[in-house]
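Engineer: Please find one structure pasted underneath; my questions will follow.
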Amino acid sequence: PFLVFLGCTATGRTGKRVEPSDTGRDDDPGSHHTGAAGLETDLWFALPDFIQGADLSFTNEMEACGATFTHHSEPIDPFSLFAAHGHSIARVRLWHTPGGSGYSNLDDVLLSSTRAKEAGMAVLLDLHYSDTWADPGNQQPPAAWADLDEESLQQAVYDYTQQTLRVLGDAGVMPEMVQVGNEVSHGMLWPIGALDGTDASWQRLASLLTHAARAVRDTAPDTRVMLHLHAADVAH
């Protein structure tokens with residue numbers, strides 16, 4: 001099953017609780033573990049049914065530019081501030097090969113993920129599958145994937161997703177949730193994954209998302225998968 005995240009709201013309800021029988025997997029339904037937010041849950045969910053979070057992807061860049069964060073005029077770590085005010089998850093953005101600022105890359109994600117977990121929050125990894133912002137008006141593939149055909153693009157999505165999670169896992173900051181694509185209401189990885197209203201375009205998008213989700217489940221079975229739509233009323 002997928003979670004669907006609509007828009008950029010800071011809170012969201014994750015929907016009905018999913019038991020192993022609903023997914024065809026045979027994991028022990030009695031297994032428990034403690035997630036990064038210190039919440040003991042069953043093996044399937046490291047987060048509560050209702051989550052409140054914030055996208056803190058810009059934090060490292062802003063601090064490098066000299067920004068400081070305060071609470072009641074006292075300096076404070078922004079991750080700790082959000083955690084202290086009820087946020088259980090931090091979203092962090094990853095671009096494939098960003099230029100310019102040197103942020104939104106894997107090193108930046110590693111630092112943000114470490115800070116979030118040290119503050120007691122879980123991590124939502126936002127994979128844009130692009131070198132820059134992916135949104136309803138721009139879903140350009142990474143330059144490294146520009147000449148790939150459909151089958152090769154599917155494999156690139158799988159390999160990149162798996163490699164990214166392995167790096168994060170080896171660093172001890174495996175995300176509790178992975179967002180496969182950003183604002184994919186009109187598709188992703190254009191033109192191959194663009195939606196045009198035809199069944200064939202839906203199948204192409206579904207194949208890309210399935211390869212991304214499979215990579216998450218093969219690499220991090222306890223990590224949840226999210227689909228991100230910018231607004232329900234404009235989704236195809």
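Chain identifiers are assigned as A, B, and so on, following the order in which chains appear in the structure tokens; residues are numbered from 1 within each chain, and ligands are numbered from 1 in order of appearance.
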Based on DSSP run over this structure's backbone, return all residues of segment 86-209 of chain A in strand (DSSP E or B), as a PyMOL selection string.

Structural biologist: chain A and resi 89-94+122-127+135+138+177-180+187+194

Engineer: Since we have the selection now, will you write its residues out, keeping N, CA and C atoms, as a tab-separated table (two decimals), in the first residue's frame?

Structural biologist:
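What follows is the written file again-v5.tsv:
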chain	number	residue	atom	x	y	z
A	89	ILE	N	8.07	14.30	12.63
A	89	ILE	CA	8.80	13.93	11.42
A	89	ILE	C	9.32	15.17	10.72
A	90	ALA	N	10.49	15.04	10.10
A	90	ALA	CA	11.07	16.12	9.29
A	90	ALA	C	11.23	15.63	7.86
A	91	ARG	N	10.74	16.42	6.91
A	91	ARG	CA	10.95	16.06	5.51
A	91	ARG	C	12.24	16.70	5.02
A	92	VAL	N	13.03	15.93	4.26
A	92	VAL	CA	14.29	16.43	3.70
A	92	VAL	C	14.31	16.12	2.20
A	93	ARG	N	14.70	17.09	1.42
A	93	ARG	CA	14.63	17.04	-0.05
A	93	ARG	C	15.95	16.53	-0.62
A	94	LEU	N	15.85	15.66	-1.64
A	94	LEU	CA	17.04	15.19	-2.34
A	94	LEU	C	16.89	15.39	-3.84
A	122	ALA	N	11.41	11.41	13.33
A	122	ALA	CA	11.59	10.51	12.21
A	122	ALA	C	11.92	11.34	10.97
A	123	VAL	N	12.26	10.65	9.88
A	123	VAL	CA	12.66	11.33	8.65
A	123	VAL	C	11.80	10.87	7.48
A	124	LEU	N	11.32	11.84	6.72
A	124	LEU	CA	10.65	11.60	5.44
A	124	LEU	C	11.58	12.07	4.34
A	125	LEU	N	12.10	11.14	3.55
A	125	LEU	CA	12.99	11.48	2.45
A	125	LEU	C	12.16	11.80	1.21
A	126	ASP	N	12.37	12.98	0.65
A	126	ASP	CA	11.63	13.46	-0.52
A	126	ASP	C	12.51	13.34	-1.75
A	127	LEU	N	12.28	12.29	-2.55
A	127	LEU	CA	13.05	12.04	-3.75
A	127	LEU	C	12.38	12.75	-4.93
A	135	ASP	N	7.77	19.67	-9.82
A	135	ASP	CA	6.46	20.16	-9.42
A	135	ASP	C	5.50	19.96	-10.59
A	138	ASN	N	6.98	21.15	-13.83
A	138	ASN	CA	8.37	20.81	-14.15
A	138	ASN	C	8.72	19.46	-13.56
A	177	MET	N	10.14	7.02	6.22
A	177	MET	CA	9.20	7.18	5.12
A	177	MET	C	9.94	7.73	3.91
A	178	VAL	N	9.58	7.27	2.72
A	178	VAL	CA	10.18	7.77	1.49
A	178	VAL	C	9.09	8.24	0.55
A	179	GLN	N	9.22	9.46	0.09
A	179	GLN	CA	8.30	10.05	-0.88
A	179	GLN	C	8.89	9.84	-2.26
A	180	VAL	N	8.24	9.01	-3.08
A	180	VAL	CA	8.77	8.67	-4.41
A	180	VAL	C	8.18	9.64	-5.43
A	187	GLY	N	2.29	13.46	-13.41
A	187	GLY	CA	3.34	12.54	-13.80
A	187	GLY	C	4.69	12.94	-13.25
A	194	ALA	N	5.06	11.31	-18.17
A	194	ALA	CA	4.03	12.36	-18.19
A	194	ALA	C	2.65	11.76	-18.39

Engineer: Please identify all polymer residues within 12 Å of segment 69-75 of chain A, counting only C-alpha atoms, omitting same-chain residues fewer than 4 positions from it, and present them as JSON, numbers by chain.

Structural biologist: {"A": [59, 60, 62, 63, 79, 80, 81, 82, 84, 85]}

Engineer: Between A:Thr210, A:Ser88, A:Ser185, A:Ser101, which has the minimum distance to Ala64 of chain A (counting only C-alpha atoms)?

Structural biologist: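 With only C-alpha atoms as the atom set, the closest residue is A:Ser101.
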
Engineer: Kindly indicate which residue among A:Ala144, A:Met174, A:Ala83, A:Val157 lies nearest to Ala119 of chain A, using only C-alpha atoms for the distances.

Structural biologist: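 With only C-alpha atoms as the atom set, the closest residue is A:Ala83.
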
Engineer: Which of these residues is nearest to Asp218 of chain A, using only C-alpha atoms: A:Glu176, A:Arg204, A:Thr161, A:Ile192?

Structural biologist: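 Of A:Glu176, A:Arg204, A:Thr161, A:Ile192, the one nearest Asp218 of chain A, counting only C-alpha atoms, is A:Thr161.
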
Engineer: Point out the residue among A:Leu168, A:Thr198, A:His128, A:Asp55 with the least atom-to-atom distance to Val184 of chain A, counting only C-alpha atoms.

Structural biologist: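 Ranked by minimum distance to Val184 of chain A, first place goes to A:His128.
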
Engineer: To one decimal in Å, tell me the separation between atom CA of His230 of chain A and atom CA of Arg166 of chain A.

Structural biologist: 28.2 Å

Engineer: Give me the residues near Ala212 of chain A as a PyMOL selection string, where near means some atom within 6 Å (using only C-alpha atoms) and where sequence neighbours in that chain fewer than 3 positions away do not count.

Structural biologist: chain A and resi 157-158+209+215

Engineer: Tell me, which residues of segment 28-202 of chain A carry DSSP helix (DSSP H, G or I), written as a PyMOL selection string?

Structural biologist: chain A and resi 59-64+78-84+106-118+143-145+150-170+199-202

Engineer: For Thr164 of chain A, which residue out of A:Ala200, A:Ala67, A:Ala220, A:Ala116 is the nearest one, using only C-alpha atoms?

Structural biologist: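 Ranking A:Ala200, A:Ala67, A:Ala220, A:Ala116 by distance to Thr164 of chain A, first place goes to A:Ala220.
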
Engineer: List the neighbours of Pro141 of chain A out to 7 Å using only C-alpha atoms; skip same-chain residues closer than 4 positions along the sequence, and give me the result as a PyMOL selection string.

Structural biologist: chain A and resi 129-130+145-146+189-190

Engineer: Put those residues in a file: N, CA and C atoms, as an mmCIF file, in the first residue's frame.

Structural biologist:
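Final file, selection.cif:
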data_model
loop_
_atom_site.group_PDB
_atom_site.id
_atom_site.type_symbol
_atom_site.label_atom_id
_atom_site.label_comp_id
_atom_site.auth_asym_id
_atom_site.auth_seq_id
_atom_site.Cartn_x
_atom_site.Cartn_y
_atom_site.Cartn_z
ATOM 1 N N TYR A 129 13.715 12.964 -8.010
ATOM 2 C CA TYR A 129 14.115 12.341 -9.272
ATOM 3 C C TYR A 129 14.348 13.408 -10.342
ATOM 4 N N SER A 130 15.062 14.427 -9.957
ATOM 5 C CA SER A 130 15.387 15.542 -10.845
ATOM 6 C C SER A 130 16.617 16.241 -10.279
ATOM 7 N N TRP A 145 20.062 11.012 -16.850
ATOM 8 C CA TRP A 145 19.077 10.059 -17.357
ATOM 9 C C TRP A 145 18.375 10.559 -18.623
ATOM 10 N N ALA A 146 18.808 11.645 -19.179
ATOM 11 C CA ALA A 146 18.060 12.313 -20.249
ATOM 12 C C ALA A 146 17.867 11.444 -21.486
ATOM 13 N N LEU A 189 9.265 12.500 -14.302
ATOM 14 C CA LEU A 189 10.287 12.090 -15.264
ATOM 15 C C LEU A 189 9.770 12.218 -16.705
ATOM 16 N N TRP A 190 9.370 13.446 -17.038
ATOM 17 C CA TRP A 190 8.857 13.718 -18.384
ATOM 18 C C TRP A 190 9.954 13.542 -19.438
#
